[in-house]
Amino acid sequence: AVEKIQPVQPKLEQKLSTEILPEISDKIILAKSVTATLSHLADLDQQAIQTHQPLVQHQQDEQQKNNTVVNEIIHEADLALQKENNAWSRLQAGMQMNSVMNNRVKVQLDWFLAHRDYLNRVMKRASPILPFILDVVSEKNLPSEMALLPIVESAYQAFAYSHGRASGMWQIIPSTGKYLGLKQNWWYDGRRDIIESTHAATNYLQTLAKQFDNDWELALASYNAGPGKIRSAIRYNKKKGKKTDFWHLTRIRRETKDYVPKLLALKELFANPEKYQLDLLHVEDEQSYDIVELDSQIDLALAADLAGITTEELYQMNPAFNRWATAPKGPHRLLLPKENTQQFKDKLAQLPKNKRVNWVRYKIKNGDTLSQIARKYRTSTTLIKNVNKIKKSNIRAGKYLLIPTSTKSLKQYSLSKSSRLSKIKNVPRSGKKITHTVKSGDSFWSISRKYNVKTRSVAKWNGMAPIDTLRIGQKLVIWKKTSAKAQRVSLVNTSPQQKMHALRYTVRKGDSLSRIADKFNLRVTDIKKWNKVGKYLQPGQKLKLYVDITRQSG
């Protein structure tokens with residue numbers, strides 16, 4: 001064994017010295033070299049970081065600037081998208097009327113600029129229905145400025161009612177409403193129906209434009225005064241050899257002379273909001289409600305409950321309904337917020353038709369009349385007759401009547417016609433409050449003479465027009481005049497609900513007694529008595545006013 005091993009030893013030593021050791025040595029040298037190189041590179045990296053720190057900071061600053069630019073671009077894109085989907089932008093794009101800026105327009109423009117809070121309220125009221133009105137105006141190829149007309153007519157108030165019996169946001173009088181095919185009855189007034197009145201008003205404007213060769217200034221004047229009066233004014237100018245455009249017509253009312261300038265002033269404002277620093281309320285350019293068709297009568301408070309909204313919200317979207325329910329005979333249509341429509345449909349489907357109104361079995365008493373019973377249950381004699389199959393008005397004591405009634409208390413129907421009239425009659429005013437019961441032969445004129453007040457005032461105090469018909473037994477509120485001194489005392493020492501404030505008002509250019517009275521909810525006669533002024537006012541003139549500050553909002 002030893003002999004066999006001995007020959008191997010020299011070979012191993014030889015291989016170790018000639019092959020293995022040199023290879024290991026080379027690897028050790030390489031490792032040391034690599035380590036040294038890495039260490040050197042680390043030192044160089046540290047030096048580079050220290051040496052080029054400003055460059056790194058500069059690059060970071062540039063990146064931040066780039067991010068800022070990108071964010072600005074995104075923000076501008078968002079604004080552009082919002083503008084594209086803004087109903088006011090569509091209104092601006094569809095304007096067709098010529099811009100006019102004369103003294104008459106300037107007076108109206110100055111008034112609007114001085115009453116920006118009024119414009120804000122108007123825009124807020126318009127926002128739910130502006131997209132729909134723009135749709136209708138566009139379908140009929142009318143100037144989009146027509147969507148501003150409800151501001152002039154009613155400040156976009158669907159419940160507006162004028163001394164001339166005009167009603168609704170388009171202020172349509174009964175005869176014109178009938179001519180335009182709008183239904184008007186005890187239960188419903190189509191002049192206040194958002195959809196029906198808009199179609200009727202725009203159809204009428206379209207007709208007037210054709211009559212006056214697409215002269216929109218004359219068409220608008222005709223909408224206010226009636227086409228007959230405008231044609232008469234044009235004929236008069238022709239005979240006198242004068243121009244016959246709107247601006248040269250003299251035989252028209254002051255209201256009509258101001259009417260067209262008001263719309264043109266609004267056009268100027270809404271076409272150039274940046275110029276006048278007018279912040280346009282963003283209005284999504286899509287309809288916010290759905291139309292629901294009904295085939296039977298329904299209590300409006302119940303309908304609101306089914307939809308999950310308040311009764312007041314339902315009335316605001318459906319202002320044409322005069323009473324607590326739709327009419328007994330359908331079909332009917334309700335406007336509801338899109339997000340509430342499906343809930344309403346689902347719950348209505350589960351409700352039998354005979355449960356959609358409340359029914360009372362009433363026992364007739366001695367002395368009862370159908371009209372008395374109808375008033376008691378806030379319904380109509382016609383409905384009681386139809387439900388109970390009564391042909392004549394004679395009824396017998398001891399018999400029973402089936403009467404449909406409201407499901408909620410009267411307070412729940414705050415925007416029904418009867419509730420609105422009650423609010424008007426209870427508005428605190430100056431003077432002594434008297435209740436007058438209408439007798440046979442009474443008229444607004446005879447009543448106003450009896451109490452020494454104006455006919456128009458009597459109508460206004462009772463939510464009526466001077467040409468409305470009075471009913472025997474009807475209760476009217478009268479505010480009887482007192483002396484100027486007594487008025488001042490009564491205005492200062494008034495009810496706890498009122499907060500009277502004496503103020504000095506400086507007359508501005510364009511002011512009138514009626515405009516100031518409207519602004520502060522006063523009577524022209526009161527302003528005259530407090531200040532001993534005549535019909536005309538001068539800019540800079542000082543007026544003393546006694547104002548109830550609780551009535552200065554809205």
# chains A, B, ... in the order shown; residues from 1 in each chain; ligands from 1
call {"tool": "residues_around", "arguments": {"residues": "Ala147 of chain A", "least_positions_apart": "6", "cutoff": "8 Å", "atoms": "only C-alpha atoms", "output": "tab-separated table (two decimals) with C-alpha atoms, in the first residue's frame"}}
result
chain	number	residue	atom	x	y	z
A	91	LEU	CA	-78.95	79.47	-24.16
A	130	LEU	CA	-84.61	75.57	-17.98
A	133	ILE	CA	-87.80	75.15	-21.96
A	134	LEU	CA	-84.64	75.28	-24.09
A	137	VAL	CA	-87.62	76.67	-27.88
call {"tool": "residues_around", "arguments": {"residues": "Leu182 of chain A", "least_positions_apart": "2", "cutoff": "8 Å", "atoms": "only C-alpha atoms", "output": "list of chain:residue names"}}
result
A:Gly177, A:Lys178, A:Tyr179, A:Leu180, A:Gln184, A:Asp189, A:Gly190, A:Arg191, A:Glu196, A:Ser197, A:Ala200
call {"tool": "write_last_selection", "arguments": {"atoms": "N, CA and C atoms", "output": "mmCIF file, in the first residue's frame"}}
result
data_model
loop_
_atom_site.group_PDB
_atom_site.id
_atom_site.type_symbol
_atom_site.label_atom_id
_atom_site.label_comp_id
_atom_site.auth_asym_id
_atom_site.auth_seq_id
_atom_site.Cartn_x
_atom_site.Cartn_y
_atom_site.Cartn_z
ATOM 1 N N GLY A 177 -105.504 81.829 -22.687
ATOM 2 C CA GLY A 177 -105.328 80.422 -22.342
ATOM 3 C C GLY A 177 -106.353 79.545 -23.039
ATOM 4 N N LYS A 178 -107.599 80.006 -23.066
ATOM 5 C CA LYS A 178 -108.657 79.263 -23.748
ATOM 6 C C LYS A 178 -108.371 79.182 -25.243
ATOM 7 N N TYR A 179 -107.935 80.297 -25.816
ATOM 8 C CA TYR A 179 -107.591 80.353 -27.243
ATOM 9 C C TYR A 179 -106.455 79.382 -27.571
ATOM 10 N N LEU A 180 -105.523 79.240 -26.639
ATOM 11 C CA LEU A 180 -104.363 78.366 -26.848
ATOM 12 C C LEU A 180 -104.632 76.914 -26.459
ATOM 13 N N GLN A 184 -108.877 75.026 -17.991
ATOM 14 C CA GLN A 184 -108.975 75.812 -16.760
ATOM 15 C C GLN A 184 -110.282 75.440 -16.077
ATOM 16 N N ASP A 189 -105.524 74.345 -13.504
ATOM 17 C CA ASP A 189 -105.346 75.525 -14.354
ATOM 18 C C ASP A 189 -104.115 75.307 -15.235
ATOM 19 N N GLY A 190 -104.361 75.011 -16.509
ATOM 20 C CA GLY A 190 -103.277 74.717 -17.442
ATOM 21 C C GLY A 190 -102.316 75.862 -17.661
ATOM 22 N N ARG A 191 -102.719 77.078 -17.299
ATOM 23 C CA ARG A 191 -101.810 78.227 -17.450
ATOM 24 C C ARG A 191 -100.614 78.115 -16.514
ATOM 25 N N GLU A 196 -97.561 72.208 -20.364
ATOM 26 C CA GLU A 196 -98.607 72.721 -21.245
ATOM 27 C C GLU A 196 -98.464 74.222 -21.502
ATOM 28 N N SER A 197 -98.187 74.992 -20.459
ATOM 29 C CA SER A 197 -98.085 76.448 -20.636
ATOM 30 C C SER A 197 -96.874 76.822 -21.481
ATOM 31 N N ALA A 200 -97.811 76.154 -25.037
ATOM 32 C CA ALA A 200 -98.802 77.146 -25.464
ATOM 33 C C ALA A 200 -98.153 78.509 -25.696
#
call {"tool": "select_by_dssp", "arguments": {"residues": "segment 230-388 of chain A", "states": "strand (DSSP E or B)", "output": "MDAnalysis selection string"}}
result
chainID A and resid 284 289:294 299 321 325 332:337 358:363
call {"tool": "write_last_selection", "arguments": {"atoms": "C-alpha atoms", "output": "short mmCIF file (atom, residue, chain, number, x, y, z; two decimals), in the first residue's frame"}}
result
data_model
loop_
_atom_site.label_atom_id
_atom_site.label_comp_id
_atom_site.auth_asym_id
_atom_site.auth_seq_id
_atom_site.Cartn_x
_atom_site.Cartn_y
_atom_site.Cartn_z
CA GLU A 284 -77.02 70.60 -15.74
CA TYR A 289 -87.77 65.04 -13.77
CA ASP A 290 -89.88 62.28 -15.31
CA ILE A 291 -93.48 62.39 -16.49
CA VAL A 292 -95.79 59.84 -14.86
CA GLU A 293 -99.20 59.19 -16.41
CA LEU A 294 -102.15 58.43 -14.10
CA ASP A 299 -104.63 62.80 -3.34
CA PHE A 321 -103.33 71.64 -9.51
CA ALA A 325 -106.13 66.14 -5.45
CA HIS A 332 -103.56 63.00 -15.32
CA ARG A 333 -99.87 63.69 -15.46
CA LEU A 334 -97.42 64.20 -12.61
CA LEU A 335 -93.87 65.51 -12.83
CA LEU A 336 -91.57 63.79 -10.35
CA PRO A 337 -87.81 63.94 -9.68
CA ASN A 358 -110.05 59.37 1.28
CA TRP A 359 -113.85 58.92 1.45
CA VAL A 360 -116.25 60.26 4.08
CA ARG A 361 -119.86 59.11 4.59
CA TYR A 362 -121.66 62.32 5.56
CA LYS A 363 -125.15 62.47 7.10
#
call {"tool": "closest_residue", "arguments": {"among": "A:Gln108, A:Ser440, A:Thr382, A:Gln538", "to": "Leu269 of chain A", "atoms": "only C-alpha atoms"}}
result
A:Gln108
call {"tool": "atom_distance", "arguments": {"atom1": "atom CA of Arg231 of chain A", "atom2": "atom CA of Tyr156 of chain A"}}
result
28.7 Å
call {"tool": "closest_residue", "arguments": {"among": "A:Lys267, A:Lys329, A:Lys542, A:Arg165", "to": "Arg504 of chain A", "atoms": "only C-alpha atoms"}}
result
A:Lys542
call {"tool": "residues_around", "arguments": {"residues": "segment 124-127 of chain A", "least_positions_apart": "3", "cutoff": "8 Å", "atoms": "only C-alpha atoms", "output": "ChimeraX atom specification"}}
result
/A:120-121,130-131,156-157,281,283
call {"tool": "select_by_dssp", "arguments": {"residues": "segment 235-390 of chain A", "states": "alpha helix (DSSP H)", "output": "number ranges by chain"}}
result
A: 235-239, 254-271, 300-307, 311-317, 338-349, 370-376, 381-388
call {"tool": "atom_distance", "arguments": {"atom1": "atom CA of Leu220 of chain A", "atom2": "atom CA of Phe132 of chain A"}}
result
20.9 Å
call {"tool": "atom_distance", "arguments": {"atom1": "atom CA of Lys262 of chain A", "atom2": "atom CA of Trp170 of chain A"}}
result
15.0 Å
call {"tool": "closest_residue", "arguments": {"among": "A:Pro174, A:Val357, A:Gln92, A:Thr437", "to": "Pro273 of chain A", "atoms": "only C-alpha atoms"}}
result
A:Gln92
call {"tool": "decode", "arguments": {"residues": "segment 131-170 of chain A", "atoms": "N, CA and C atoms", "output": "CSV table (one decimal), in the first residue's frame"}}
result
chain,number,residue,atom,x,y,z
A,131,PRO,N,-83.7,73.4,-18.9
A,131,PRO,CA,-83.4,72.5,-20.0
A,131,PRO,C,-84.6,72.2,-20.8
A,132,PHE,N,-85.7,71.9,-20.1
A,132,PHE,CA,-87.0,71.6,-20.8
A,132,PHE,C,-87.4,72.8,-21.7
A,133,ILE,N,-87.4,74.0,-21.2
A,133,ILE,CA,-87.8,75.2,-22.0
A,133,ILE,C,-86.9,75.4,-23.2
A,134,LEU,N,-85.6,75.2,-23.0
A,134,LEU,CA,-84.6,75.3,-24.1
A,134,LEU,C,-84.9,74.2,-25.1
A,135,ASP,N,-85.3,73.0,-24.7
A,135,ASP,CA,-85.7,72.0,-25.7
A,135,ASP,C,-86.8,72.4,-26.5
A,136,VAL,N,-87.9,72.9,-25.9
A,136,VAL,CA,-89.1,73.4,-26.6
A,136,VAL,C,-88.8,74.5,-27.6
A,137,VAL,N,-88.0,75.5,-27.1
A,137,VAL,CA,-87.6,76.7,-27.9
A,137,VAL,C,-86.8,76.2,-29.1
A,138,SER,N,-85.9,75.3,-28.9
A,138,SER,CA,-85.1,74.8,-30.0
A,138,SER,C,-85.9,74.0,-31.0
A,139,GLU,N,-86.8,73.2,-30.5
A,139,GLU,CA,-87.7,72.4,-31.4
A,139,GLU,C,-88.5,73.3,-32.4
A,140,LYS,N,-88.9,74.5,-31.9
A,140,LYS,CA,-89.7,75.4,-32.7
A,140,LYS,C,-88.9,76.5,-33.4
A,141,ASN,N,-87.6,76.3,-33.3
A,141,ASN,CA,-86.6,77.2,-34.0
A,141,ASN,C,-86.9,78.7,-33.6
A,142,LEU,N,-87.1,78.9,-32.3
A,142,LEU,CA,-87.2,80.2,-31.8
A,142,LEU,C,-85.9,80.7,-31.2
A,143,PRO,N,-85.7,82.0,-31.1
A,143,PRO,CA,-84.5,82.5,-30.5
A,143,PRO,C,-84.4,82.0,-29.0
A,144,SER,N,-83.3,81.6,-28.6
A,144,SER,CA,-83.2,81.0,-27.2
A,144,SER,C,-83.5,82.1,-26.1
A,145,GLU,N,-83.4,83.4,-26.6
A,145,GLU,CA,-83.8,84.5,-25.6
A,145,GLU,C,-85.2,84.3,-25.1
A,146,MET,N,-86.1,83.5,-25.8
A,146,MET,CA,-87.4,83.3,-25.3
A,146,MET,C,-87.4,82.6,-23.9
A,147,ALA,N,-86.3,81.9,-23.7
A,147,ALA,CA,-86.2,81.2,-22.4
A,147,ALA,C,-86.0,82.2,-21.2
A,148,LEU,N,-85.7,83.4,-21.6
A,148,LEU,CA,-85.5,84.5,-20.5
A,148,LEU,C,-86.8,85.2,-20.3
A,149,LEU,N,-87.8,85.0,-21.1
A,149,LEU,CA,-89.1,85.7,-21.0
A,149,LEU,C,-89.8,85.5,-19.7
A,150,PRO,N,-89.8,84.2,-19.1
A,150,PRO,CA,-90.4,84.0,-17.8
A,150,PRO,C,-89.8,84.9,-16.7
A,151,ILE,N,-88.6,85.3,-16.9
A,151,ILE,CA,-88.0,86.2,-15.9
A,151,ILE,C,-88.7,87.6,-15.9
A,152,VAL,N,-89.0,88.1,-17.1
A,152,VAL,CA,-89.7,89.3,-17.3
A,152,VAL,C,-91.1,89.2,-16.8
A,153,GLU,N,-91.7,88.1,-17.2
A,153,GLU,CA,-93.2,87.9,-16.9
A,153,GLU,C,-93.4,87.6,-15.4
A,154,SER,N,-92.7,86.7,-14.8
A,154,SER,CA,-93.0,86.2,-13.5
A,154,SER,C,-91.9,86.0,-12.5
A,155,ALA,N,-90.6,86.3,-13.0
A,155,ALA,CA,-89.4,85.9,-12.2
A,155,ALA,C,-89.4,84.4,-12.1
A,156,TYR,N,-89.9,83.7,-13.0
A,156,TYR,CA,-89.9,82.2,-13.0
A,156,TYR,C,-90.7,81.6,-11.8
A,157,GLN,N,-91.8,82.4,-11.5
A,157,GLN,CA,-92.7,81.9,-10.4
A,157,GLN,C,-93.9,81.3,-11.0
A,158,ALA,N,-94.1,80.0,-10.9
A,158,ALA,CA,-95.3,79.4,-11.5
A,158,ALA,C,-96.6,79.8,-10.9
A,159,PHE,N,-96.6,80.3,-9.6
A,159,PHE,CA,-97.8,80.7,-8.9
A,159,PHE,C,-98.1,82.2,-9.1
A,160,ALA,N,-97.4,82.9,-9.9
A,160,ALA,CA,-97.6,84.3,-10.1
A,160,ALA,C,-99.0,84.6,-10.6
A,161,TYR,N,-99.6,85.7,-10.1
A,161,TYR,CA,-101.0,86.0,-10.5
A,161,TYR,C,-101.0,87.6,-10.6
A,162,SER,N,-101.4,88.1,-11.7
A,162,SER,CA,-101.3,89.6,-11.8
A,162,SER,C,-102.7,90.2,-11.7
A,163,HIS,N,-102.7,91.5,-11.6
A,163,HIS,CA,-104.0,92.3,-11.5
A,163,HIS,C,-104.8,92.1,-12.7
A,164,GLY,N,-104.2,91.7,-13.8
A,164,GLY,CA,-104.9,91.5,-15.1
A,164,GLY,C,-105.4,90.1,-15.3
A,165,ARG,N,-105.3,89.3,-14.2
A,165,ARG,CA,-105.7,87.9,-14.2
A,165,ARG,C,-104.8,87.0,-14.9
A,166,ALA,N,-103.6,87.5,-15.3
A,166,ALA,CA,-102.6,86.6,-15.9
A,166,ALA,C,-102.0,85.7,-14.9
A,167,SER,N,-101.8,84.4,-15.3
A,167,SER,CA,-101.4,83.4,-14.3
A,167,SER,C,-100.2,82.6,-14.9
A,168,GLY,N,-99.4,82.0,-14.0
A,168,GLY,CA,-98.3,81.1,-14.4
A,168,GLY,C,-97.1,81.8,-14.7
A,169,MET,N,-96.0,81.1,-15.0
A,169,MET,CA,-94.7,81.7,-15.2
A,169,MET,C,-94.7,82.4,-16.6
A,170,TRP,N,-95.6,82.1,-17.5
A,170,TRP,CA,-95.7,82.8,-18.8
A,170,TRP,C,-96.8,83.9,-18.7
